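A.B. asks: The structure file start17.cif (mmCIF, C-alpha atoms) is provided below.
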data_protein
#
loop_
_atom_site.group_PDB
_atom_site.id
_atom_site.type_symbol
_atom_site.label_atom_id
_atom_site.label_comp_id
_atom_site.auth_asym_id
_atom_site.auth_seq_id
_atom_site.Cartn_x
_atom_site.Cartn_y
_atom_site.Cartn_z
ATOM 1 C CA MET A 773 -2.434 14.221 -2.689
ATOM 2 C CA ARG A 774 -5.910 15.625 -3.144
ATOM 3 C CA ILE A 775 -9.074 13.491 -3.054
ATOM 4 C CA ARG A 776 -11.989 14.965 -4.985
ATOM 5 C CA PRO A 777 -15.145 13.869 -6.795
ATOM 6 C CA ALA A 778 -14.456 12.514 -10.262
ATOM 7 C CA SER A 779 -15.785 14.532 -13.182
ATOM 8 C CA GLN A 780 -16.493 13.774 -16.807
ATOM 9 C CA ALA A 781 -13.199 15.543 -17.603
ATOM 10 C CA ASP A 782 -11.421 12.653 -15.830
ATOM 11 C CA ALA A 783 -12.814 9.989 -18.174
ATOM 12 C CA ALA A 784 -9.629 9.579 -20.229
ATOM 13 C CA ALA A 785 -7.487 9.210 -17.094
ATOM 14 C CA LEU A 786 -9.964 6.717 -15.604
ATOM 15 C CA ALA A 787 -9.878 4.706 -18.847
ATOM 16 C CA ALA A 788 -6.062 4.700 -18.888
ATOM 17 C CA ILE A 789 -5.771 3.551 -15.267
ATOM 18 C CA TYR A 790 -8.471 0.927 -15.558
ATOM 19 C CA GLY A 791 -7.231 -0.206 -18.963
ATOM 20 C CA HIS A 792 -3.847 -1.053 -17.469
ATOM 21 C CA HIS A 793 -5.551 -3.265 -14.855
ATOM 22 C CA VAL A 794 -7.696 -4.934 -17.526
ATOM 23 C CA ALA A 795 -4.627 -5.729 -19.629
ATOM 24 C CA HIS A 796 -2.150 -6.635 -16.901
ATOM 25 C CA GLY A 797 -4.001 -7.787 -13.809
ATOM 26 C CA PHE A 798 -6.713 -9.905 -12.297
ATOM 27 C CA GLY A 799 -8.348 -7.271 -10.070
ATOM 28 C CA THR A 800 -10.999 -6.976 -12.763
ATOM 29 C CA PHE A 801 -12.339 -9.807 -14.856
ATOM 30 C CA GLU A 802 -12.979 -7.553 -17.846
ATOM 31 C CA GLU A 803 -10.862 -8.616 -20.792
ATOM 32 C CA VAL A 804 -11.437 -5.647 -23.112
ATOM 33 C CA ALA A 805 -10.625 -2.221 -21.700
ATOM 34 C CA PRO A 806 -13.479 0.280 -21.938
ATOM 35 C CA ASP A 807 -12.789 3.584 -23.649
ATOM 36 C CA ALA A 808 -13.160 7.051 -22.146
ATOM 37 C CA ASP A 809 -16.798 7.352 -23.285
ATOM 38 C CA GLU A 810 -17.704 4.114 -21.516
ATOM 39 C CA MET A 811 -15.862 5.190 -18.361
ATOM 40 C CA ALA A 812 -17.762 8.508 -18.463
ATOM 41 C CA ALA A 813 -21.042 6.582 -18.696
ATOM 42 C CA ARG A 814 -20.068 4.365 -15.754
ATOM 43 C CA LEU A 815 -19.125 7.421 -13.708
ATOM 44 C CA ALA A 816 -22.486 9.020 -14.482
ATOM 45 C CA ALA A 817 -24.361 5.839 -13.504
ATOM 46 C CA VAL A 818 -22.692 5.814 -10.074
ATOM 47 C CA THR A 819 -23.071 9.508 -9.307
ATOM 48 C CA ARG A 820 -26.691 9.545 -10.535
ATOM 49 C CA ARG A 821 -27.439 7.246 -7.574
ATOM 50 C CA GLY A 822 -25.825 9.710 -5.170
ATOM 51 C CA LEU A 823 -22.897 7.360 -4.543
ATOM 52 C CA PRO A 824 -19.278 8.486 -4.321
ATOM 53 C CA TYR A 825 -16.914 8.242 -7.292
ATOM 54 C CA LEU A 826 -13.615 9.808 -6.260
ATOM 55 C CA VAL A 827 -10.193 10.436 -7.745
ATOM 56 C CA ALA A 828 -6.838 11.053 -6.101
ATOM 57 C CA GLU A 829 -4.700 13.724 -7.714
ATOM 58 C CA ILE A 830 -0.956 14.034 -7.266
ATOM 59 C CA ASP A 831 0.756 16.990 -8.905
ATOM 60 C CA GLY A 832 -2.361 17.628 -10.984
ATOM 61 C CA ALA A 833 -2.536 14.083 -12.418
ATOM 62 C CA VAL A 834 -5.106 11.433 -11.545
ATOM 63 C CA ALA A 835 -3.253 8.766 -9.546
ATOM 64 C CA GLY A 836 -6.220 6.507 -8.852
ATOM 65 C CA PHE A 837 -9.961 6.278 -8.461
ATOM 66 C CA ALA A 838 -12.481 4.539 -6.251
ATOM 67 C CA TYR A 839 -16.228 4.339 -6.048
ATOM 68 C CA ALA A 840 -19.132 2.527 -4.450
ATOM 69 C CA GLY A 841 -21.815 0.859 -6.523
ATOM 70 C CA PRO A 842 -24.828 -1.296 -5.750
ATOM 71 C CA PHE A 843 -23.841 -4.772 -4.596
ATOM 72 C CA ARG A 844 -26.782 -6.492 -6.310
ATOM 73 C CA ALA A 845 -29.954 -5.292 -8.058
ATOM 74 C CA ARG A 846 -32.573 -6.816 -5.717
ATOM 75 C CA ALA A 847 -34.313 -4.468 -3.269
ATOM 76 C CA ALA A 848 -33.177 -6.405 -0.176
ATOM 77 C CA TYR A 849 -29.585 -5.371 -0.993
ATOM 78 C CA ARG A 850 -30.417 -1.638 -0.831
ATOM 79 C CA TYR A 851 -28.239 -1.068 2.248
ATOM 80 C CA THR A 852 -25.158 -2.769 0.786
ATOM 81 C CA VAL A 853 -22.606 -1.399 -1.660
ATOM 82 C CA GLU A 854 -19.533 -2.834 -3.338
ATOM 83 C CA ASP A 855 -16.359 -0.807 -3.540
ATOM 84 C CA SER A 856 -13.896 -0.632 -6.417
ATOM 85 C CA VAL A 857 -10.389 0.850 -6.196
ATOM 86 C CA TYR A 858 -7.889 1.211 -9.046
ATOM 87 C CA ILE A 859 -4.489 2.856 -8.739
ATOM 88 C CA ALA A 860 -2.350 4.148 -11.608
ATOM 89 C CA HIS A 861 0.572 1.957 -12.590
ATOM 90 C CA GLY A 862 3.595 3.084 -10.588
ATOM 91 C CA ARG A 863 1.501 4.678 -7.827
ATOM 92 C CA GLN A 864 0.763 1.523 -5.794
ATOM 93 C CA GLY A 865 2.168 1.448 -2.269
ATOM 94 C CA GLN A 866 2.059 5.241 -1.865
ATOM 95 C CA GLY A 867 -1.112 5.478 0.230
ATOM 96 C CA VAL A 868 -3.356 6.396 -2.717
ATOM 97 C CA GLY A 869 -5.631 3.369 -2.316
ATOM 98 C CA LYS A 870 -6.011 3.812 1.426
ATOM 99 C CA ALA A 871 -6.864 7.501 1.050
ATOM 100 C CA LEU A 872 -9.415 6.756 -1.670
ATOM 101 C CA LEU A 873 -11.052 3.788 0.059
ATOM 102 C CA GLY A 874 -11.218 5.670 3.353
ATOM 103 C CA ALA A 875 -12.941 8.575 1.601
ATOM 104 C CA VAL A 876 -15.439 6.260 -0.126
ATOM 105 C CA ILE A 877 -16.281 4.615 3.205
ATOM 106 C CA ALA A 878 -16.713 8.025 4.852
ATOM 107 C CA ALA A 879 -18.978 9.193 2.014
ATOM 108 C CA CYS A 880 -21.191 6.073 2.215
ATOM 109 C CA GLU A 881 -21.838 6.092 5.964
ATOM 110 C CA PRO A 882 -24.064 9.219 6.035
ATOM 111 C CA LEU A 883 -26.180 7.736 3.230
ATOM 112 C CA GLY A 884 -27.663 5.177 5.623
ATOM 113 C CA LEU A 885 -25.813 2.319 3.978
ATOM 114 C CA ARG A 886 -24.878 -0.500 6.356
ATOM 115 C CA GLN A 887 -22.485 -2.876 4.602
ATOM 116 C CA MET A 888 -19.656 -2.553 2.112
ATOM 117 C CA VAL A 889 -18.283 -5.571 0.305
ATOM 118 C CA ALA A 890 -15.173 -6.054 -1.775
ATOM 119 C CA MET A 891 -15.001 -8.696 -4.461
ATOM 120 C CA ILE A 892 -11.247 -8.900 -5.049
ATOM 121 C CA GLY A 893 -10.019 -10.661 -8.149
ATOM 122 C CA ASP A 894 -7.210 -13.142 -7.502
ATOM 123 C CA SER A 895 -6.306 -14.735 -4.174
ATOM 124 C CA ALA A 896 -2.725 -13.596 -4.841
ATOM 125 C CA ASN A 897 -3.784 -9.918 -4.959
ATOM 126 C CA ALA A 898 -2.001 -9.134 -1.686
ATOM 127 C CA GLY A 899 -2.090 -5.381 -2.279
ATOM 128 C CA SER A 900 -5.871 -5.144 -2.519
ATOM 129 C CA ILE A 901 -6.472 -7.677 0.252
ATOM 130 C CA GLY A 902 -4.092 -5.776 2.540
ATOM 131 C CA LEU A 903 -5.650 -2.435 1.621
ATOM 132 C CA HIS A 904 -9.118 -3.662 2.510
ATOM 133 C CA ARG A 905 -7.923 -5.282 5.737
ATOM 134 C CA SER A 906 -6.268 -1.977 6.739
ATOM 135 C CA CYS A 907 -9.600 -0.215 6.206
ATOM 136 C CA GLY A 908 -11.527 -2.554 8.510
ATOM 137 C CA PHE A 909 -12.687 -5.235 6.088
ATOM 138 C CA ALA A 910 -12.781 -8.854 7.240
ATOM 139 C CA HIS A 911 -12.346 -11.957 5.115
ATOM 140 C CA ALA A 912 -15.766 -13.332 4.173
ATOM 141 C CA GLY A 913 -14.826 -16.177 1.831
ATOM 142 C CA VAL A 914 -13.310 -17.221 -1.454
ATOM 143 C CA LEU A 915 -15.069 -18.181 -4.653
ATOM 144 C CA GLY A 916 -12.591 -20.573 -6.207
ATOM 145 C CA ALA A 917 -11.838 -20.533 -9.925
ATOM 146 C CA VAL A 918 -14.878 -18.453 -10.918
ATOM 147 C CA GLY A 919 -13.077 -16.462 -13.612
ATOM 148 C CA PHE A 920 -10.868 -17.549 -16.472
ATOM 149 C CA LYS A 921 -8.540 -14.822 -17.684
ATOM 150 C CA ALA A 922 -5.150 -14.789 -19.408
ATOM 151 C CA GLY A 923 -5.116 -18.557 -19.642
ATOM 152 C CA ARG A 924 -5.730 -19.357 -15.992
ATOM 153 C CA TRP A 925 -8.497 -19.795 -13.444
ATOM 154 C CA VAL A 926 -8.873 -16.900 -11.029
ATOM 155 C CA ASP A 927 -10.472 -16.797 -7.563
ATOM 156 C CA VAL A 928 -12.495 -13.997 -6.021
ATOM 157 C CA VAL A 929 -11.735 -13.061 -2.421
ATOM 158 C CA MET A 930 -14.773 -11.663 -0.626
ATOM 159 C CA MET A 931 -14.284 -9.123 2.155
ATOM 160 C CA GLN A 932 -16.834 -7.109 4.106
ATOM 161 C CA ARG A 933 -17.106 -4.300 6.635
ATOM 162 C CA GLY A 934 -19.997 -2.644 8.395
ATOM 163 C CA LEU A 935 -20.872 0.987 7.775
ATOM 164 C CA GLY A 936 -22.160 3.101 10.632
ATOM 165 C CA PRO A 937 -23.944 0.754 13.048
ATOM 166 C CA GLY A 938 -23.685 -2.072 10.511
ATOM 167 C CA ALA A 939 -25.955 -4.982 11.358
ATOM 168 C CA ASP A 940 -26.174 -4.125 15.068
ATOM 169 C CA GLN A 941 -29.570 -2.502 14.572
ATOM 170 C CA PRO A 942 -32.247 -2.407 11.865
ATOM 171 C CA PRO A 943 -31.691 0.144 9.110
ATOM 172 C CA GLY A 944 -33.690 3.324 8.871
ATOM 173 C CA PRO A 945 -35.635 4.376 5.817
ATOM 174 C CA GLY A 946 -33.728 4.842 2.619
ATOM 175 C CA GLY A 947 -30.914 2.904 1.097
ATOM 176 C CA LEU A 948 -30.425 2.625 -2.632
ATOM 177 C CA GLU A 949 -33.353 2.460 -5.032
ATOM 178 C CA LEU A 950 -33.113 -1.012 -6.553
ATOM 179 C CA SER A 951 -35.480 -3.008 -8.709
ATOM 180 C CA GLU A 952 -36.780 -6.509 -8.251
ATOM 181 C CA SER A 953 -36.175 -7.446 -11.876
#
Give the structure from this file in structure tokens form.
C.D. replies:
Amino acid sequence: MRIRPASQADAAALAAIYGHHVAHGFGTFEEVAPDADEMAARLAAVTRRGLPYLVAEIDGAVAGFAYAGPFRARAAYRYTVEDSVYIAHGRQGQGVGKALLGAVIAACEPLGLRQMVAMIGDSANAGSIGLHRSCGFAHAGVLGAVGFKAGRWVDVVMMQRGLGPGADQPPGPGGLELSES
């Protein structure tokens, strides 16, 4: 397995992986899968901020992707990011998610970011909850029945981990550029 930065050439693979999760899972609350052009635009929006957007390759094929994006748009959240991890169908349970999430965490720490949150769709999503727990995330709460997808109400499990010194000391200058609007 090779972890590397995602490129625009990966957009079709990203769309295929994510599209499967849109159609068959509750890890995302999107109901219409974005196409490759939209995935390319989302990739560009993340990397333009200097945040990591990574893919895992196995035998030359993209087996999963993960990235960090702003948690919220308000300036006070500038030291906090939210992670997203999606693994190709048939590649779960092979260490792809752990390798990707570990690399995203490692890439965020030198940026002066202090917190990473995961907003995991579906309380029954044991794979994602276990992945995050194995990477140092702690349970932070559950938002019950906040999404309605595929004919049922779906929870969001919130998990969180510190980056670098976390909240043990005030942050230095920097963080993400966020607006107040």
A.B. asks: Spell out the residues picked by the PyMOL selection byres ((chain A and resi 848) around 10) here, as a ChimeraX atom specification.
C.D. replies: /A:844-847,849-852,947-948,950-952
A.B. asks: Can you give me, as a ChimeraX atom specification, the residues this file yields under the PyMOL selection byres ((chain A and resi 785) around 9)?
C.D. replies: /A:781-784,786-790,808,833-836
A.B. asks: Go through A:Tyr839, A:Tyr825, A:Trp925, A:Tyr858 and flag the residue nearest His793 of chain A, using only C-alpha atoms for the distances.
C.D. replies: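 Comparing A:Tyr839, A:Tyr825, A:Trp925, A:Tyr858 against His793 of chain A, the winner is A:Tyr858.
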A.B. asks: Nearest to Phe798 of chain A among A:Gly874, A:Pro882, A:Gly832, A:Gly899, with distances taken over all atoms listed in the file: which residue is it?
C.D. replies: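 Ranked by minimum distance to Phe798 of chain A, first place goes to A:Gly899.
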A.B. asks: In Å to one decimal, how far is atom CA of Ala879 of chain A from atom CA of Val914 of chain A?
C.D. replies: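 Atom-to-atom, atom CA of Val914 of chain A to atom CA of Ala879 of chain A, that is 27.2 Å.
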A.B. asks: Evaluate the PyMOL selection byres ((chain A and resi 919) around 12) here and jot the selected residues down as a ChimeraX atom specification.
C.D. replies: /A:798-803,892-895,915-918,920-929
A.B. asks: Output the selection as a JSON list (two decimals), in the coordinates of the input - C-alpha atoms for each residue.
C.D. replies:
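Okay, again-v5.json is ready:
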[["chain", "number", "residue", "atom", "x", "y", "z"],
["A", 798, "PHE", "CA", -6.71, -9.90, -12.30],
["A", 799, "GLY", "CA", -8.35, -7.27, -10.07],
["A", 800, "THR", "CA", -11.00, -6.98, -12.76],
["A", 801, "PHE", "CA", -12.34, -9.81, -14.86],
["A", 802, "GLU", "CA", -12.98, -7.55, -17.85],
["A", 803, "GLU", "CA", -10.86, -8.62, -20.79],
["A", 892, "ILE", "CA", -11.25, -8.90, -5.05],
["A", 893, "GLY", "CA", -10.02, -10.66, -8.15],
["A", 894, "ASP", "CA", -7.21, -13.14, -7.50],
["A", 895, "SER", "CA", -6.31, -14.74, -4.17],
["A", 915, "LEU", "CA", -15.07, -18.18, -4.65],
["A", 916, "GLY", "CA", -12.59, -20.57, -6.21],
["A", 917, "ALA", "CA", -11.84, -20.53, -9.93],
["A", 918, "VAL", "CA", -14.88, -18.45, -10.92],
["A", 920, "PHE", "CA", -10.87, -17.55, -16.47],
["A", 921, "LYS", "CA", -8.54, -14.82, -17.68],
["A", 922, "ALA", "CA", -5.15, -14.79, -19.41],
["A", 923, "GLY", "CA", -5.12, -18.56, -19.64],
["A", 924, "ARG", "CA", -5.73, -19.36, -15.99],
["A", 925, "TRP", "CA", -8.50, -19.80, -13.44],
["A", 926, "VAL", "CA", -8.87, -16.90, -11.03],
["A", 927, "ASP", "CA", -10.47, -16.80, -7.56],
["A", 928, "VAL", "CA", -12.50, -14.00, -6.02],
["A", 929, "VAL", "CA", -11.74, -13.06, -2.42]]
A.B. asks: Provide the atom CA of Val868 of chain A to atom CA of Pro824 of chain A distance in Å, to one decimal place.
C.D. replies: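 These atoms are spaced 16.1 Å apart.
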A.B. asks: Which is closest to Ala878 of chain A among A:Arg774, A:Ser900, A:Leu826, A:Ala816, if we use all atoms listed in the file?
C.D. replies: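 Closest candidate: A:Leu826.
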A.B. asks: Name the closest residue to Val876 of chain A among the candidates A:Val853, A:Ala898, A:Ala817, A:Ala795; distances are taken between atoms, counting all atoms listed in the file.
C.D. replies: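 Closest to Val876 of chain A of all the choices is A:Val853.
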A.B. asks: Mind pulling up the distance from atom CA of Arg820 of chain A to atom CA of Val857 of chain A?
C.D. replies: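 So the two atoms, atom CA of Val857 of chain A and atom CA of Arg820 of chain A, lie 19.0 Å apart.
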A.B. asks: Between A:Gly822, A:Gly913, A:Gly867, A:Gly884, which one has atoms that come closest to Gly946 of chain A, using all atoms listed in the file?
C.D. replies: A:Gly884
A.B. asks: Give the answer as one residue: which of A:Met888, A:Ile775, A:Val794, A:Val804 has the shortest atom-to-atom distance to Lys870 of chain A, using all atoms listed in the file?
C.D. replies: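 Ranked by minimum distance to Lys870 of chain A, first place goes to A:Ile775.
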